[in-house]
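*Asks:* Quick one: the structure is below, and I'll ask about it shortly.
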Amino acid sequence: MARFSLFSGDTSRRIAEADSVAVIGLGRFGSSLALELMAHGTEVLGIDLDEDLVQALNGRLTQVVRTDSTKEEALRQLAIDEFDRVVVAIGDDISASILTCSVLLGMGIPVIWAKAVDDRHGLILEQLGVHHVIYPEKDMGRRVAHLVRGAALDYIEVDRGYALVKASAPAVLLGKRLGDTGLRSAYGVTIAAFKRDAESWKNADADTILESGDTILVVGPTSSAENFAQLR
């Protein structure tokens, strides 16, 4: 597990070393990510060169530090090499993003996630050897496009061409055992779970009988899942 120091004046002390992630770049994406990790019990070290961003998150993250992430010595002083996971969320300075990733890779960080602002940036990060390259704006745009054009209540692309879609249960399935509907052969999808009124989500199986007003999670090829969500 990663361990890192929390500095106060000239003294330092170890913080809880349970589940920890370093987030470099505290703009809109980086700060949202860091705060979400904190909300789920993850220790977060936030790093940025912008003093205003650092001050805005002071007291909200386990530790937040103003430093130049392109400098290996600066990162070593923060014991970044003891982290198992680091997220490079720098988006407004591609050069800084690439240099930071290069330094982290040279330090042997086991798992690096990095934000790419476009395909060219992403390609460079992949060529460097970054383990996970993400495209937040691009991915969100695609997700919203699928929601806008269809009747899906929510949409997540699990992989290219395969999706998980949240939709209302169509009339064609109501009052029947799912195992008797021929759902997979007729529509090419599977219903993974369902939710009724204020109840919690439940896994669906062959004996599940849907009712009017139920919400379902449909899994399958993107086009098939979207077409199924159009059914009334």
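Labels used: A, B, ... for chains in the order of the structure tokens, numbers from 1 for residues in each chain, and numbers from 1 for ligands as shown.
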Do you have, as JSON lines, the list of residues of stretch 57-119 of chain A lying at most 9 Å from stretch 134-158 of chain A, each with its nearest atom pair and that distance in Å to one decimal, counting only C-alpha atoms and ordered by chain then number?
*Replies:*
```
{"residue": "A:Trp113", "atom": "CA", "partner": "A:Ile134", "partner_atom": "CA", "distance": 7.3}
{"residue": "A:Ala114", "atom": "CA", "partner": "A:Ile134", "partner_atom": "CA", "distance": 6.2}
{"residue": "A:Lys115", "atom": "CA", "partner": "A:Ile134", "partner_atom": "CA", "distance": 5.0}
{"residue": "A:Ala116", "atom": "CA", "partner": "A:Tyr135", "partner_atom": "CA", "distance": 5.3}
{"residue": "A:Val117", "atom": "CA", "partner": "A:Tyr135", "partner_atom": "CA", "distance": 6.4}
{"residue": "A:Asp118", "atom": "CA", "partner": "A:Tyr135", "partner_atom": "CA", "distance": 7.3}
{"residue": "A:Asp119", "atom": "CA", "partner": "A:Tyr135", "partner_atom": "CA", "distance": 8.5}
```
*Asks:* What's the separation between atom CA of A:Val130 and atom CA of A:Met107, in Å to one decimal place?
*Replies:*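 Atom-to-atom, atom CA of A:Val130 and atom CA of A:Met107 are spaced 12.5 Å apart.
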*Asks:* Go through stretch 149-227 of chain A and collect every residue that DSSP, computed from the backbone, puts in strand (DSSP E or B); the answer should be as a ChimeraX atom specification.
*Replies:* /A:154-159,162-168,177,190-195,202-203,209,215-221
*Asks:* Using only N, CA and C atoms, please write the residues we just selected to a file, as an mmCIF file, in the first residue's frame.
*Replies:*
```cif
data_model
loop_
_atom_site.group_PDB
_atom_site.id
_atom_site.type_symbol
_atom_site.label_atom_id
_atom_site.label_comp_id
_atom_site.auth_asym_id
_atom_site.auth_seq_id
_atom_site.Cartn_x
_atom_site.Cartn_y
_atom_site.Cartn_z
ATOM 1 N N ASP A 154 -30.081 5.978 -19.052
ATOM 2 C CA ASP A 154 -28.647 6.144 -18.833
ATOM 3 C C ASP A 154 -27.927 5.164 -19.749
ATOM 4 N N TYR A 155 -26.652 5.432 -19.969
ATOM 5 C CA TYR A 155 -25.904 4.657 -20.957
ATOM 6 C C TYR A 155 -24.438 4.600 -20.564
ATOM 7 N N ILE A 156 -23.871 3.408 -20.558
ATOM 8 C CA ILE A 156 -22.447 3.239 -20.306
ATOM 9 C C ILE A 156 -21.887 2.289 -21.349
ATOM 10 N N GLU A 157 -20.891 2.748 -22.095
ATOM 11 C CA GLU A 157 -20.243 1.877 -23.071
ATOM 12 C C GLU A 157 -19.161 1.079 -22.349
ATOM 13 N N VAL A 158 -19.413 -0.206 -22.166
ATOM 14 C CA VAL A 158 -18.484 -1.083 -21.465
ATOM 15 C C VAL A 158 -17.203 -1.245 -22.264
ATOM 16 N N ASP A 159 -17.364 -1.383 -23.564
ATOM 17 C CA ASP A 159 -16.251 -1.481 -24.500
ATOM 18 C C ASP A 159 -16.790 -1.031 -25.848
ATOM 19 N N TYR A 162 -20.182 -2.372 -27.203
ATOM 20 C CA TYR A 162 -20.928 -3.152 -26.213
ATOM 21 C C TYR A 162 -21.313 -2.212 -25.082
ATOM 22 N N ALA A 163 -22.592 -2.236 -24.696
ATOM 23 C CA ALA A 163 -23.074 -1.226 -23.752
ATOM 24 C C ALA A 163 -24.001 -1.775 -22.681
ATOM 25 N N LEU A 164 -24.092 -0.998 -21.606
ATOM 26 C CA LEU A 164 -25.052 -1.234 -20.534
ATOM 27 C C LEU A 164 -26.025 -0.064 -20.577
ATOM 28 N N VAL A 165 -27.314 -0.343 -20.749
ATOM 29 C CA VAL A 165 -28.320 0.706 -20.916
ATOM 30 C C VAL A 165 -29.391 0.578 -19.840
ATOM 31 N N LYS A 166 -29.707 1.704 -19.231
ATOM 32 C CA LYS A 166 -30.791 1.769 -18.247
ATOM 33 C C LYS A 166 -32.042 2.249 -18.978
ATOM 34 N N ALA A 167 -33.134 1.514 -18.848
ATOM 35 C CA ALA A 167 -34.341 1.854 -19.604
ATOM 36 C C ALA A 167 -35.584 1.434 -18.832
ATOM 37 N N SER A 168 -36.731 1.870 -19.320
ATOM 38 C CA SER A 168 -38.007 1.438 -18.746
ATOM 39 C C SER A 168 -38.379 0.083 -19.324
ATOM 40 N N ARG A 177 -42.395 -14.559 -17.496
ATOM 41 C CA ARG A 177 -41.067 -14.939 -17.041
ATOM 42 C C ARG A 177 -40.061 -14.542 -18.119
ATOM 43 N N THR A 190 -29.502 -8.968 -23.020
ATOM 44 C CA THR A 190 -29.798 -9.647 -21.759
ATOM 45 C C THR A 190 -30.200 -8.605 -20.728
ATOM 46 N N ILE A 191 -31.200 -8.913 -19.917
ATOM 47 C CA ILE A 191 -31.569 -8.026 -18.811
ATOM 48 C C ILE A 191 -30.812 -8.503 -17.581
ATOM 49 N N ALA A 192 -29.922 -7.652 -17.092
ATOM 50 C CA ALA A 192 -29.051 -8.027 -15.978
ATOM 51 C C ALA A 192 -29.673 -7.756 -14.619
ATOM 52 N N ALA A 193 -30.490 -6.696 -14.511
ATOM 53 C CA ALA A 193 -31.064 -6.325 -13.218
ATOM 54 C C ALA A 193 -32.324 -5.496 -13.434
ATOM 55 N N PHE A 194 -33.108 -5.372 -12.370
ATOM 56 C CA PHE A 194 -34.319 -4.552 -12.446
ATOM 57 C C PHE A 194 -34.544 -3.857 -11.115
ATOM 58 N N LYS A 195 -35.325 -2.767 -11.156
ATOM 59 C CA LYS A 195 -35.635 -1.984 -9.964
ATOM 60 C C LYS A 195 -37.111 -1.622 -9.994
ATOM 61 N N LYS A 202 -32.211 -5.413 -8.124
ATOM 62 C CA LYS A 202 -32.133 -6.861 -7.934
ATOM 63 C C LYS A 202 -31.631 -7.514 -9.219
ATOM 64 N N ASN A 203 -30.837 -8.555 -9.082
ATOM 65 C CA ASN A 203 -30.383 -9.294 -10.251
ATOM 66 C C ASN A 203 -31.572 -9.980 -10.906
ATOM 67 N N ILE A 209 -40.219 -11.696 -13.290
ATOM 68 C CA ILE A 209 -41.405 -11.205 -13.998
ATOM 69 C C ILE A 209 -41.473 -9.692 -13.798
ATOM 70 N N THR A 215 -37.752 -0.400 -13.851
ATOM 71 C CA THR A 215 -36.581 0.074 -14.577
ATOM 72 C C THR A 215 -35.628 -1.103 -14.718
ATOM 73 N N ILE A 216 -35.002 -1.240 -15.878
ATOM 74 C CA ILE A 216 -34.155 -2.401 -16.136
ATOM 75 C C ILE A 216 -32.765 -1.969 -16.616
ATOM 76 N N LEU A 217 -31.793 -2.847 -16.433
ATOM 77 C CA LEU A 217 -30.455 -2.674 -16.985
ATOM 78 C C LEU A 217 -30.286 -3.707 -18.091
ATOM 79 N N VAL A 218 -30.086 -3.204 -19.301
ATOM 80 C CA VAL A 218 -29.970 -4.063 -20.482
ATOM 81 C C VAL A 218 -28.518 -4.107 -20.925
ATOM 82 N N VAL A 219 -28.012 -5.307 -21.176
ATOM 83 C CA VAL A 219 -26.632 -5.485 -21.603
ATOM 84 C C VAL A 219 -26.601 -6.151 -22.968
ATOM 85 N N GLY A 220 -25.748 -5.627 -23.866
ATOM 86 C CA GLY A 220 -25.621 -6.244 -25.182
ATOM 87 C C GLY A 220 -24.897 -5.338 -26.155
ATOM 88 N N PRO A 221 -24.789 -5.755 -27.413
ATOM 89 C CA PRO A 221 -24.189 -4.888 -28.421
ATOM 90 C C PRO A 221 -24.873 -3.525 -28.411
#
```
*Asks:* Would you list the contacts of A:Ala206 as a PyMOL selection string, taking every protein, DNA or RNA residue within 8 Å and counting only C-alpha atoms, but skipping same-chain residues closer than 4 positions in sequence?
*Replies:* chain A and resi 177-180
